[in-house]
file structure-v7.cif (mmCIF, C-alpha atoms)
data_final
loop_
_atom_site.group_PDB
_atom_site.id
_atom_site.type_symbol
_atom_site.label_atom_id
_atom_site.label_comp_id
_atom_site.auth_asym_id
_atom_site.auth_seq_id
_atom_site.Cartn_x
_atom_site.Cartn_y
_atom_site.Cartn_z
ATOM 1 C CA MET A 1 -21.490 3.034 35.761
ATOM 2 C CA THR A 2 -24.195 0.825 34.311
ATOM 3 C CA LYS A 3 -27.062 2.689 32.662
ATOM 4 C CA VAL A 4 -30.565 1.445 31.986
ATOM 5 C CA PHE A 5 -32.065 2.491 28.675
ATOM 6 C CA THR A 6 -34.997 1.641 26.457
ATOM 7 C CA SER A 7 -34.894 1.635 22.675
ATOM 8 C CA ALA A 8 -37.610 1.162 20.072
ATOM 9 C CA SER A 9 -38.619 1.952 16.516
ATOM 10 C CA VAL A 10 -41.525 4.359 16.918
ATOM 11 C CA SER A 11 -44.063 5.857 14.526
ATOM 12 C CA ILE A 12 -44.567 9.607 14.268
ATOM 13 C CA ASP A 13 -47.702 9.227 16.395
ATOM 14 C CA GLY A 14 -45.870 7.316 19.117
ATOM 15 C CA PHE A 15 -46.603 3.622 18.516
ATOM 16 C CA ILE A 16 -44.190 0.674 18.573
ATOM 17 C CA SER A 17 -46.739 -1.517 16.776
ATOM 18 C CA GLY A 18 -49.904 -0.736 14.894
ATOM 19 C CA PRO A 19 -53.438 -2.067 15.385
ATOM 20 C CA GLU A 20 -53.507 -5.868 15.729
ATOM 21 C CA GLU A 21 -49.686 -6.052 15.709
ATOM 22 C CA SER A 22 -49.360 -4.377 12.299
ATOM 23 C CA GLY A 23 -46.947 -1.842 10.834
ATOM 24 C CA PHE A 24 -43.626 -3.537 11.496
ATOM 25 C CA GLU A 25 -42.636 -3.402 7.828
ATOM 26 C CA HIS A 26 -42.691 0.409 8.163
ATOM 27 C CA LEU A 27 -41.232 0.685 11.659
ATOM 28 C CA PHE A 28 -38.262 -1.526 10.797
ATOM 29 C CA ALA A 29 -37.769 -0.587 7.145
ATOM 30 C CA TRP A 30 -34.467 1.039 8.097
ATOM 31 C CA TYR A 31 -33.052 -2.342 9.086
ATOM 32 C CA GLU A 32 -33.115 -3.277 5.381
ATOM 33 C CA ALA A 33 -32.519 0.127 3.765
ATOM 34 C CA GLY A 34 -28.811 -0.197 3.004
ATOM 35 C CA ASP A 35 -26.246 -2.514 1.516
ATOM 36 C CA ILE A 36 -23.995 -3.173 4.524
ATOM 37 C CA GLU A 37 -24.755 -6.349 6.432
ATOM 38 C CA PHE A 38 -24.913 -6.263 10.215
ATOM 39 C CA PRO A 39 -24.197 -9.689 11.706
ATOM 40 C CA SER A 40 -27.190 -11.502 13.161
ATOM 41 C CA LYS A 41 -27.073 -14.679 15.192
ATOM 42 C CA LEU A 42 -30.278 -15.879 13.525
ATOM 43 C CA ASP A 43 -30.397 -16.942 9.896
ATOM 44 C CA SER A 44 -34.068 -15.953 9.829
ATOM 45 C CA VAL A 45 -33.271 -12.350 10.835
ATOM 46 C CA ARG A 46 -31.030 -10.391 8.475
ATOM 47 C CA PHE A 47 -29.970 -6.747 8.611
ATOM 48 C CA ARG A 48 -28.682 -4.635 5.702
ATOM 49 C CA MET A 49 -28.204 -1.016 6.703
ATOM 50 C CA THR A 50 -26.674 2.236 5.610
ATOM 51 C CA GLU A 51 -23.327 3.211 7.100
ATOM 52 C CA ALA A 52 -24.929 5.698 9.521
ATOM 53 C CA ASP A 53 -27.494 3.178 10.757
ATOM 54 C CA LEU A 54 -24.847 0.480 11.059
ATOM 55 C CA ARG A 55 -22.668 2.687 13.259
ATOM 56 C CA TYR A 56 -25.675 3.522 15.420
ATOM 57 C CA VAL A 57 -26.703 -0.126 15.918
ATOM 58 C CA SER A 58 -23.111 -1.287 16.431
ATOM 59 C CA ASP A 59 -22.619 1.264 19.216
ATOM 60 C CA LEU A 60 -25.935 0.252 20.798
ATOM 61 C CA VAL A 61 -25.114 -3.461 20.748
ATOM 62 C CA ASP A 62 -21.550 -2.892 21.984
ATOM 63 C CA ARG A 63 -22.782 -0.996 25.043
ATOM 64 C CA THR A 64 -25.463 -3.555 25.917
ATOM 65 C CA GLY A 65 -24.680 -6.338 28.361
ATOM 66 C CA VAL A 66 -28.182 -7.746 28.758
ATOM 67 C CA LEU A 67 -31.737 -7.303 27.490
ATOM 68 C CA VAL A 68 -34.791 -7.188 29.762
ATOM 69 C CA VAL A 69 -38.075 -8.150 28.096
ATOM 70 C CA GLY A 70 -41.596 -9.079 29.121
ATOM 71 C CA ARG A 71 -43.249 -12.453 28.760
ATOM 72 C CA ARG A 72 -45.403 -11.197 25.891
ATOM 73 C CA LEU A 73 -42.415 -10.472 23.621
ATOM 74 C CA PHE A 74 -40.775 -13.709 24.692
ATOM 75 C CA ASP A 75 -43.870 -15.671 23.671
ATOM 76 C CA ILE A 76 -44.306 -13.824 20.363
ATOM 77 C CA THR A 77 -40.723 -14.615 19.344
ATOM 78 C CA ASP A 78 -40.586 -18.025 21.058
ATOM 79 C CA GLY A 79 -37.509 -16.686 22.800
ATOM 80 C CA TRP A 80 -35.854 -16.198 19.403
ATOM 81 C CA GLY A 81 -35.208 -19.932 19.405
ATOM 82 C CA GLY A 82 -32.813 -19.525 22.333
ATOM 83 C CA THR A 83 -30.526 -16.906 20.779
ATOM 84 C CA HIS A 84 -31.315 -13.214 20.444
ATOM 85 C CA PRO A 85 -30.298 -11.788 17.033
ATOM 86 C CA PHE A 86 -27.911 -9.381 18.799
ATOM 87 C CA ASP A 87 -26.320 -12.288 20.736
ATOM 88 C CA ARG A 88 -26.949 -10.879 24.195
ATOM 89 C CA PRO A 89 -28.288 -12.616 27.305
ATOM 90 C CA VAL A 90 -31.954 -12.006 28.063
ATOM 91 C CA VAL A 91 -33.814 -11.547 31.340
ATOM 92 C CA VAL A 92 -37.536 -12.279 31.039
ATOM 93 C CA VAL A 93 -40.017 -10.758 33.485
ATOM 94 C CA THR A 94 -42.787 -13.307 33.911
ATOM 95 C CA HIS A 95 -45.340 -14.696 36.343
ATOM 96 C CA SER A 96 -44.271 -18.273 35.642
ATOM 97 C CA VAL A 97 -41.241 -19.992 34.147
ATOM 98 C CA PRO A 98 -41.929 -21.735 30.804
ATOM 99 C CA ASP A 99 -40.523 -25.058 31.960
ATOM 100 C CA ALA A 100 -41.071 -26.870 28.650
ATOM 101 C CA TRP A 101 -39.155 -24.170 26.746
ATOM 102 C CA VAL A 102 -36.334 -24.194 29.285
ATOM 103 C CA ALA A 103 -36.045 -27.976 29.039
ATOM 104 C CA THR A 104 -35.492 -27.794 25.279
ATOM 105 C CA HIS A 105 -33.143 -24.777 25.427
ATOM 106 C CA ALA A 106 -30.884 -25.743 28.302
ATOM 107 C CA ASP A 107 -27.895 -23.756 27.020
ATOM 108 C CA ALA A 108 -29.826 -20.606 26.140
ATOM 109 C CA PRO A 109 -28.618 -17.480 28.007
ATOM 110 C CA PHE A 110 -32.096 -16.689 29.321
ATOM 111 C CA THR A 111 -33.007 -15.902 32.933
ATOM 112 C CA PHE A 112 -36.628 -15.926 34.083
ATOM 113 C CA VAL A 113 -37.544 -13.690 37.016
ATOM 114 C CA THR A 114 -40.930 -14.218 38.661
ATOM 115 C CA ASP A 115 -40.809 -11.684 41.526
ATOM 116 C CA GLY A 116 -41.218 -8.449 39.615
ATOM 117 C CA LEU A 117 -39.405 -5.930 37.457
ATOM 118 C CA ALA A 118 -37.237 -4.480 40.225
ATOM 119 C CA ALA A 119 -35.840 -7.953 40.935
ATOM 120 C CA ALA A 120 -35.331 -8.502 37.196
ATOM 121 C CA LEU A 121 -33.328 -5.274 36.952
ATOM 122 C CA ASP A 122 -31.185 -6.336 39.907
ATOM 123 C CA ARG A 123 -30.492 -9.655 38.174
ATOM 124 C CA ALA A 124 -29.752 -7.824 34.923
ATOM 125 C CA ARG A 125 -27.149 -5.677 36.675
ATOM 126 C CA GLU A 126 -25.375 -8.807 37.869
ATOM 127 C CA ILE A 127 -25.291 -10.145 34.313
ATOM 128 C CA ALA A 128 -24.373 -6.848 32.621
ATOM 129 C CA GLY A 129 -21.275 -6.133 34.685
ATOM 130 C CA ASP A 130 -19.830 -2.846 33.402
ATOM 131 C CA GLN A 131 -22.120 -2.762 30.375
ATOM 132 C CA ASP A 132 -25.583 -1.237 30.109
ATOM 133 C CA ILE A 133 -29.067 -2.733 30.364
ATOM 134 C CA CYS A 134 -31.594 -2.409 27.543
ATOM 135 C CA VAL A 135 -35.226 -2.777 28.606
ATOM 136 C CA ASN A 136 -37.912 -3.459 26.046
ATOM 137 C CA GLY A 137 -40.154 -0.594 24.949
ATOM 138 C CA GLY A 138 -43.819 -0.574 25.920
ATOM 139 C CA THR A 139 -44.881 -2.057 29.252
ATOM 140 C CA ILE A 140 -41.396 -2.894 30.567
ATOM 141 C CA GLY A 141 -39.942 0.478 29.580
ATOM 142 C CA SER A 142 -42.915 2.309 31.092
ATOM 143 C CA GLN A 143 -42.661 0.399 34.356
ATOM 144 C CA THR A 144 -38.901 0.997 34.530
ATOM 145 C CA LEU A 145 -39.505 4.714 34.058
ATOM 146 C CA ASP A 146 -42.119 4.685 36.837
ATOM 147 C CA LEU A 147 -39.604 2.943 39.116
ATOM 148 C CA GLY A 148 -37.187 5.829 38.538
ATOM 149 C CA GLN A 149 -34.596 3.433 37.115
ATOM 150 C CA LEU A 150 -34.591 4.490 33.451
ATOM 151 C CA ASP A 151 -31.593 6.632 32.481
ATOM 152 C CA GLU A 152 -31.968 7.028 28.719
ATOM 153 C CA ILE A 153 -34.599 6.778 25.999
ATOM 154 C CA LEU A 154 -33.548 5.918 22.446
ATOM 155 C CA VAL A 155 -36.168 6.639 19.806
ATOM 156 C CA ASP A 156 -35.766 5.289 16.263
ATOM 157 C CA LEU A 157 -38.342 7.590 14.693
ATOM 158 C CA ALA A 158 -39.851 6.040 11.577
ATOM 159 C CA PRO A 159 -41.644 8.220 8.985
ATOM 160 C CA VAL A 160 -45.027 6.541 9.328
ATOM 161 C CA ILE A 161 -48.312 7.346 11.085
ATOM 162 C CA LEU A 162 -49.960 4.151 12.337
ATOM 163 C CA GLY A 163 -53.107 5.695 13.781
ATOM 164 C CA GLY A 164 -53.231 3.423 16.819
ATOM 165 C CA GLY A 165 -51.684 0.359 18.379
ATOM 166 C CA ARG A 166 -49.231 -0.200 21.220
ATOM 167 C CA PRO A 167 -47.656 3.047 22.499
ATOM 168 C CA PHE A 168 -43.984 3.419 23.400
ATOM 169 C CA PHE A 169 -45.047 4.643 26.862
ATOM 170 C CA ALA A 170 -48.415 4.172 28.555
ATOM 171 C CA ASN A 171 -50.082 4.063 31.980
ATOM 172 C CA LEU A 172 -47.372 6.124 33.658
ATOM 173 C CA SER A 173 -48.106 7.185 37.219
ATOM 174 C CA LYS A 174 -45.399 9.850 37.455
ATOM 175 C CA THR A 175 -45.693 12.520 34.792
ATOM 176 C CA PRO A 176 -44.543 14.783 33.317
ATOM 177 C CA VAL A 177 -41.101 13.256 32.778
ATOM 178 C CA LEU A 178 -38.495 15.784 31.620
ATOM 179 C CA LEU A 179 -35.779 14.740 29.182
ATOM 180 C CA ASP A 180 -32.490 16.311 28.146
ATOM 181 C CA GLY A 181 -31.234 16.164 24.575
ATOM 182 C CA PRO A 182 -31.645 14.885 22.012
ATOM 183 C CA SER A 183 -28.579 13.800 20.181
ATOM 184 C CA VAL A 184 -29.629 13.176 16.581
ATOM 185 C CA ILE A 185 -28.421 10.751 13.910
ATOM 186 C CA GLU A 186 -30.072 10.844 10.495
ATOM 187 C CA GLY A 187 -30.483 7.410 8.977
ATOM 188 C CA GLU A 188 -32.345 5.984 5.996
ATOM 189 C CA ARG A 189 -36.102 5.855 6.684
ATOM 190 C CA VAL A 190 -35.339 6.685 10.342
ATOM 191 C CA THR A 191 -34.099 9.418 12.660
ATOM 192 C CA HIS A 192 -32.275 8.181 15.752
ATOM 193 C CA LEU A 193 -32.913 10.316 18.843
ATOM 194 C CA ARG A 194 -31.218 9.826 22.183
ATOM 195 C CA TYR A 195 -32.573 11.487 25.334
ATOM 196 C CA THR A 196 -31.385 11.476 28.949
ATOM 197 C CA VAL A 197 -34.044 11.195 31.641
ATOM 198 C CA ARG A 198 -33.777 14.155 33.990
ATOM 199 C CA LYS A 199 -33.659 12.932 37.590
ATOM 200 C CA GLY A 200 -34.878 14.808 40.649
#
call {"tool": "encode", "arguments": {"input": "structure-v7.cif", "output": "structure tokens"}}
result
Amino acid sequence: MTKVFTSASVSIDGFISGPEESGFEHLFAWYEAGDIEFPSKLDSVRFRMTEADLRYVSDLVDRTGVLVVGRRLFDITDGWGGTHPFDRPVVVVTHSVPDAWVATHADAPFTFVTDGLAAALDRAREIAGDQDICVNGGTIGSQTLDLGQLDEILVDLAPVILGGGRPFFANLSKTPVLLDGPSVIEGERVTHLRYTVRKG
């Protein structure tokens, strides 16, 4: 059965980016903390991890059939040039389709959904098949949790305090949310935590 999960590198004080989009060199230090290369589809994005981190990321990518992201992340990355580093199709939740981008990336495995997150998740299920759906942390993850459609939360806990910025979860209307777990994997400059969202 397809599961919906969110995953993010998070500071000790709960932020997925620091003030004014800072702190990424600390949040993602573990992506470059080893000597084993993880294949990336983008030459501009390289990963060199420890064995434990590599196993963790490999399992995550293998289980993922599609990524669901918001328009903000899409714009920041320019849609990763048409190919996500993890080589997975992407569903973008947006108010309007970026027609100029689509015209120059005709073969890119990107789907733009303009009628809300619930519709985007339905489309993602069609694309994912028997695999799972990864929704972006922050606004999309929070909204998915509020919809009652989030099954798991994966926290890559980085040893840094950012003091502010963009939280992993915010503006939730249904709290508290109880979680089961975690399973724990110790990495280099990161602790990987996996929780199951308790339903009902």
call {"tool": "closest_residue", "arguments": {"input": "structure-v7.cif", "among": "A:Glu152, A:Asp53, A:Glu25, A:Glu37", "to": "A:Thr191", "atoms": "only C-alpha atoms"}}
result
A:Asp53
call {"tool": "closest_residue", "arguments": {"input": "structure-v7.cif", "among": "A:Asp13, A:Asp75, A:Asp146, A:Asp99", "to": "A:Leu27", "atoms": "only C-alpha atoms"}}
result
A:Asp13
call {"tool": "atom_distance", "arguments": {"input": "structure-v7.cif", "atom1": "atom CA of A:Ala170", "atom2": "atom CA of A:Gln143"}}
result
9.0 Å
call {"tool": "resolve_selection", "arguments": {"input": "structure-v7.cif", "expression": "the PyMOL selection byres ((chain A and resi 104-121) around 6)", "output": "list of chain:residue names"}}
result
A:Gly82, A:Pro89, A:Val90, A:Val91, A:Val92, A:Val93, A:Thr94, A:His95, A:Trp101, A:Val102, A:Ala103, A:Asp122, A:Arg123, A:Ala124
call {"tool": "resolve_selection", "arguments": {"input": "structure-v7.cif", "expression": "the PyMOL selection byres ((chain A and resi 47) around 6)", "output": "MDAnalysis selection string"}}
result
chainID A and resid 31:32 37:38 46 48
call {"tool": "write_last_selection", "arguments": {"input": "structure-v7.cif", "atoms": "C-alpha atoms", "output": "compact mmCIF listing (two decimals), keeping the file's coordinate frame"}}
result
# COMPACT_ATOMS: atom_id res chain seq x y z
CA TYR A 31 -33.05 -2.34 9.09
CA GLU A 32 -33.12 -3.28 5.38
CA GLU A 37 -24.76 -6.35 6.43
CA PHE A 38 -24.91 -6.26 10.22
CA ARG A 46 -31.03 -10.39 8.48
CA ARG A 48 -28.68 -4.64 5.70
call {"tool": "resolve_selection", "arguments": {"input": "structure-v7.cif", "expression": "the PyMOL selection byres ((chain A and resi 64) around 9)", "output": "ChimeraX atom specification"}}
result
/A:59-63,65-67,88,128,131-134
call {"tool": "atom_distance", "arguments": {"input": "structure-v7.cif", "atom1": "atom CA of A:Gly181", "atom2": "atom CA of A:Arg194"}}
result
6.8 Å
call {"tool": "atom_distance", "arguments": {"input": "structure-v7.cif", "atom1": "atom CA of A:Leu179", "atom2": "atom CA of A:Thr139"}}
result
19.1 Å
call {"tool": "axis_aligned_box", "arguments": {"input": "structure-v7.cif", "around": "stretch 6-19 of chain A", "padding_each_side": "6 Å", "output": "JSON"}}
result
{"center_x": -44.2, "center_y": 3.8, "center_z": 20.4, "size_x": 30.5, "size_y": 23.7, "size_z": 24.2}
call {"tool": "residues_around", "arguments": {"input": "structure-v7.cif", "residues": "A:Leu157", "least_positions_apart": "3", "cutoff": "10 Å", "atoms": "only C-alpha atoms", "output": "list in words"}}
result
Ala8, Ser9, Val10, Ser11, Ile12, Asp13, Gly14, Phe15, Ile16, Leu27, Phe28, Leu154, Val160, Glu186, Gly187, Arg189, Val190, Thr191, His192 and Leu193 of chain A
call {"tool": "write_last_selection", "arguments": {"input": "structure-v7.cif", "atoms": "C-alpha atoms", "output": "short mmCIF file (atom, residue, chain, number, x, y, z; two decimals), keeping the file's coordinate frame"}}
result
data_model
loop_
_atom_site.label_atom_id
_atom_site.label_comp_id
_atom_site.auth_asym_id
_atom_site.auth_seq_id
_atom_site.Cartn_x
_atom_site.Cartn_y
_atom_site.Cartn_z
CA ALA A 8 -37.61 1.16 20.07
CA SER A 9 -38.62 1.95 16.52
CA VAL A 10 -41.52 4.36 16.92
CA SER A 11 -44.06 5.86 14.53
CA ILE A 12 -44.57 9.61 14.27
CA ASP A 13 -47.70 9.23 16.40
CA GLY A 14 -45.87 7.32 19.12
CA PHE A 15 -46.60 3.62 18.52
CA ILE A 16 -44.19 0.67 18.57
CA LEU A 27 -41.23 0.68 11.66
CA PHE A 28 -38.26 -1.53 10.80
CA LEU A 154 -33.55 5.92 22.45
CA VAL A 160 -45.03 6.54 9.33
CA GLU A 186 -30.07 10.84 10.50
CA GLY A 187 -30.48 7.41 8.98
CA ARG A 189 -36.10 5.86 6.68
CA VAL A 190 -35.34 6.68 10.34
CA THR A 191 -34.10 9.42 12.66
CA HIS A 192 -32.28 8.18 15.75
CA LEU A 193 -32.91 10.32 18.84
#
call {"tool": "closest_residue", "arguments": {"input": "structure-v7.cif", "among": "A:Thr77, A:Val155, A:Asp87, A:Arg71", "to": "A:Leu42", "atoms": "only C-alpha atoms"}}
result
A:Asp87
call {"tool": "closest_residue", "arguments": {"input": "structure-v7.cif", "among": "A:Val4, A:Val197, A:Val97, A:Ala52", "to": "A:Val184", "atoms": "all atoms listed in the file"}}
result
A:Ala52
call {"tool": "closest_residue", "arguments": {"input": "structure-v7.cif", "among": "A:Thr144, A:Thr50, A:Ser183, A:Asn171", "to": "A:Thr6", "atoms": "all atoms listed in the file"}}
result
A:Thr144
call {"tool": "decode", "arguments": {"input": "structure-v7.cif", "residues": "stretch 13-25 of chain A", "atoms": "all heavy atoms", "output": "PDB file, in the first residue's frame"}}
result
ATOM      1  N   ASP A  13      16.515  23.094  16.697  1.00  0.00           N
ATOM      2  CA  ASP A  13      15.376  23.918  17.087  1.00  0.00           C
ATOM      3  C   ASP A  13      14.249  23.901  16.057  1.00  0.00           C
ATOM      4  O   ASP A  13      13.357  24.756  16.088  1.00  0.00           O
ATOM      5  CB  ASP A  13      15.800  25.354  17.422  1.00  0.00           C
ATOM      6  CG  ASP A  13      16.681  26.007  16.365  1.00  0.00           C
ATOM      7  OD1 ASP A  13      17.194  25.298  15.485  1.00  0.00           O
ATOM      8  OD2 ASP A  13      16.880  27.231  16.435  1.00  0.00           O
ATOM      9  N   GLY A  14      14.261  22.935  15.143  1.00  0.00           N
ATOM     10  CA  GLY A  14      13.090  22.647  14.334  1.00  0.00           C
ATOM     11  C   GLY A  14      12.943  23.364  13.018  1.00  0.00           C
ATOM     12  O   GLY A  14      11.847  23.401  12.450  1.00  0.00           O
ATOM     13  N   PHE A  15      14.046  23.896  12.458  1.00  0.00           N
ATOM     14  CA  PHE A  15      13.949  24.661  11.211  1.00  0.00           C
ATOM     15  C   PHE A  15      14.575  23.912  10.033  1.00  0.00           C
ATOM     16  O   PHE A  15      15.618  23.268  10.174  1.00  0.00           O
ATOM     17  CB  PHE A  15      14.622  26.027  11.379  1.00  0.00           C
ATOM     18  CG  PHE A  15      13.958  26.892  12.406  1.00  0.00           C
ATOM     19  CD1 PHE A  15      14.481  27.023  13.682  1.00  0.00           C
ATOM     20  CD2 PHE A  15      12.786  27.568  12.103  1.00  0.00           C
ATOM     21  CE1 PHE A  15      13.865  27.807  14.635  1.00  0.00           C
ATOM     22  CE2 PHE A  15      12.153  28.359  13.048  1.00  0.00           C
ATOM     23  CZ  PHE A  15      12.685  28.480  14.314  1.00  0.00           C
ATOM     24  N   ILE A  16      13.938  24.038   8.861  1.00  0.00           N
ATOM     25  CA  ILE A  16      14.465  23.422   7.644  1.00  0.00           C
ATOM     26  C   ILE A  16      15.235  24.430   6.801  1.00  0.00           C
ATOM     27  O   ILE A  16      15.816  24.073   5.780  1.00  0.00           O
ATOM     28  CB  ILE A  16      13.352  22.757   6.817  1.00  0.00           C
ATOM     29  CG1 ILE A  16      12.254  23.754   6.424  1.00  0.00           C
ATOM     30  CG2 ILE A  16      12.743  21.596   7.603  1.00  0.00           C
ATOM     31  CD1 ILE A  16      11.182  23.173   5.505  1.00  0.00           C
ATOM     32  N   SER A  17      15.234  25.686   7.212  1.00  0.00           N
ATOM     33  CA  SER A  17      16.142  26.709   6.688  1.00  0.00           C
ATOM     34  C   SER A  17      16.231  27.795   7.740  1.00  0.00           C
ATOM     35  O   SER A  17      15.298  27.989   8.533  1.00  0.00           O
ATOM     36  CB  SER A  17      15.680  27.280   5.348  1.00  0.00           C
ATOM     37  OG  SER A  17      14.505  28.053   5.503  1.00  0.00           O
ATOM     38  N   GLY A  18      17.344  28.493   7.748  1.00  0.00           N
ATOM     39  CA  GLY A  18      17.545  29.548   8.723  1.00  0.00           C
ATOM     40  C   GLY A  18      16.997  30.875   8.242  1.00  0.00           C
ATOM     41  O   GLY A  18      16.360  30.960   7.183  1.00  0.00           O
ATOM     42  N   PRO A  19      17.228  31.945   8.998  1.00  0.00           N
ATOM     43  CA  PRO A  19      16.760  33.272   8.598  1.00  0.00           C
ATOM     44  C   PRO A  19      17.291  33.656   7.213  1.00  0.00           C
ATOM     45  O   PRO A  19      18.456  33.406   6.894  1.00  0.00           O
ATOM     46  CB  PRO A  19      17.337  34.186   9.687  1.00  0.00           C
ATOM     47  CG  PRO A  19      17.523  33.287  10.868  1.00  0.00           C
ATOM     48  CD  PRO A  19      17.913  31.959  10.310  1.00  0.00           C
ATOM     49  N   GLU A  20      16.412  34.192   6.381  1.00  0.00           N
ATOM     50  CA  GLU A  20      16.774  34.625   5.029  1.00  0.00           C
ATOM     51  C   GLU A  20      17.425  33.493   4.237  1.00  0.00           C
ATOM     52  O   GLU A  20      18.411  33.681   3.527  1.00  0.00           O
ATOM     53  CB  GLU A  20      17.674  35.865   5.082  1.00  0.00           C
ATOM     54  CG  GLU A  20      17.008  37.060   5.752  1.00  0.00           C
ATOM     55  CD  GLU A  20      17.894  38.284   5.771  1.00  0.00           C
ATOM     56  OE1 GLU A  20      19.018  38.221   5.227  1.00  0.00           O
ATOM     57  OE2 GLU A  20      17.464  39.313   6.328  1.00  0.00           O
ATOM     58  N   GLU A  21      16.840  32.305   4.344  1.00  0.00           N
ATOM     59  CA  GLU A  21      17.274  31.120   3.583  1.00  0.00           C
ATOM     60  C   GLU A  21      18.737  30.771   3.864  1.00  0.00           C
ATOM     61  O   GLU A  21      19.491  30.405   2.954  1.00  0.00           O
ATOM     62  CB  GLU A  21      17.059  31.329   2.073  1.00  0.00           C
ATOM     63  CG  GLU A  21      15.638  31.689   1.691  1.00  0.00           C
ATOM     64  CD  GLU A  21      14.624  30.616   2.071  1.00  0.00           C
ATOM     65  OE1 GLU A  21      14.996  29.438   2.125  1.00  0.00           O
ATOM     66  OE2 GLU A  21      13.466  30.973   2.345  1.00  0.00           O
ATOM     67  N   SER A  22      19.141  30.832   5.109  1.00  0.00           N
ATOM     68  CA  SER A  22      20.523  30.511   5.484  1.00  0.00           C
ATOM     69  C   SER A  22      20.587  29.131   6.140  1.00  0.00           C
ATOM     70  O   SER A  22      19.563  28.483   6.365  1.00  0.00           O
ATOM     71  CB  SER A  22      21.055  31.570   6.467  1.00  0.00           C
ATOM     72  OG  SER A  22      20.293  31.539   7.676  1.00  0.00           O
ATOM     73  N   GLY A  23      21.813  28.686   6.429  1.00  0.00           N
ATOM     74  CA  GLY A  23      22.020  27.495   7.234  1.00  0.00           C
ATOM     75  C   GLY A  23      22.106  26.176   6.500  1.00  0.00           C
ATOM     76  O   GLY A  23      22.321  25.128   7.121  1.00  0.00           O
ATOM     77  N   PHE A  24      21.959  26.193   5.186  1.00  0.00           N
ATOM     78  CA  PHE A  24      21.928  24.925   4.454  1.00  0.00           C
ATOM     79  C   PHE A  24      23.258  24.177   4.526  1.00  0.00           C
ATOM     80  O   PHE A  24      23.290  22.942   4.468  1.00  0.00           O
ATOM     81  CB  PHE A  24      21.530  25.162   2.996  1.00  0.00           C
ATOM     82  CG  PHE A  24      20.131  25.679   2.841  1.00  0.00           C
ATOM     83  CD1 PHE A  24      19.893  26.944   2.327  1.00  0.00           C
ATOM     84  CD2 PHE A  24      19.044  24.918   3.219  1.00  0.00           C
ATOM     85  CE1 PHE A  24      18.608  27.431   2.187  1.00  0.00           C
ATOM     86  CE2 PHE A  24      17.746  25.395   3.093  1.00  0.00           C
ATOM     87  CZ  PHE A  24      17.529  26.658   2.576  1.00  0.00           C
ATOM     88  N   GLU A  25      24.357  24.925   4.648  1.00  0.00           N
ATOM     89  CA  GLU A  25      25.659  24.249   4.730  1.00  0.00           C
ATOM     90  C   GLU A  25      25.766  23.405   5.998  1.00  0.00           C
ATOM     91  O   GLU A  25      26.522  22.427   6.036  1.00  0.00           O
ATOM     92  CB  GLU A  25      26.802  25.277   4.672  1.00  0.00           C
ATOM     93  CG  GLU A  25      26.956  26.147   5.920  1.00  0.00           C
ATOM     94  CD  GLU A  25      26.076  27.376   5.942  1.00  0.00           C
ATOM     95  OE1 GLU A  25      25.052  27.405   5.213  1.00  0.00           O
ATOM     96  OE2 GLU A  25      26.409  28.317   6.691  1.00  0.00           O
TER      97      GLU A  25
END
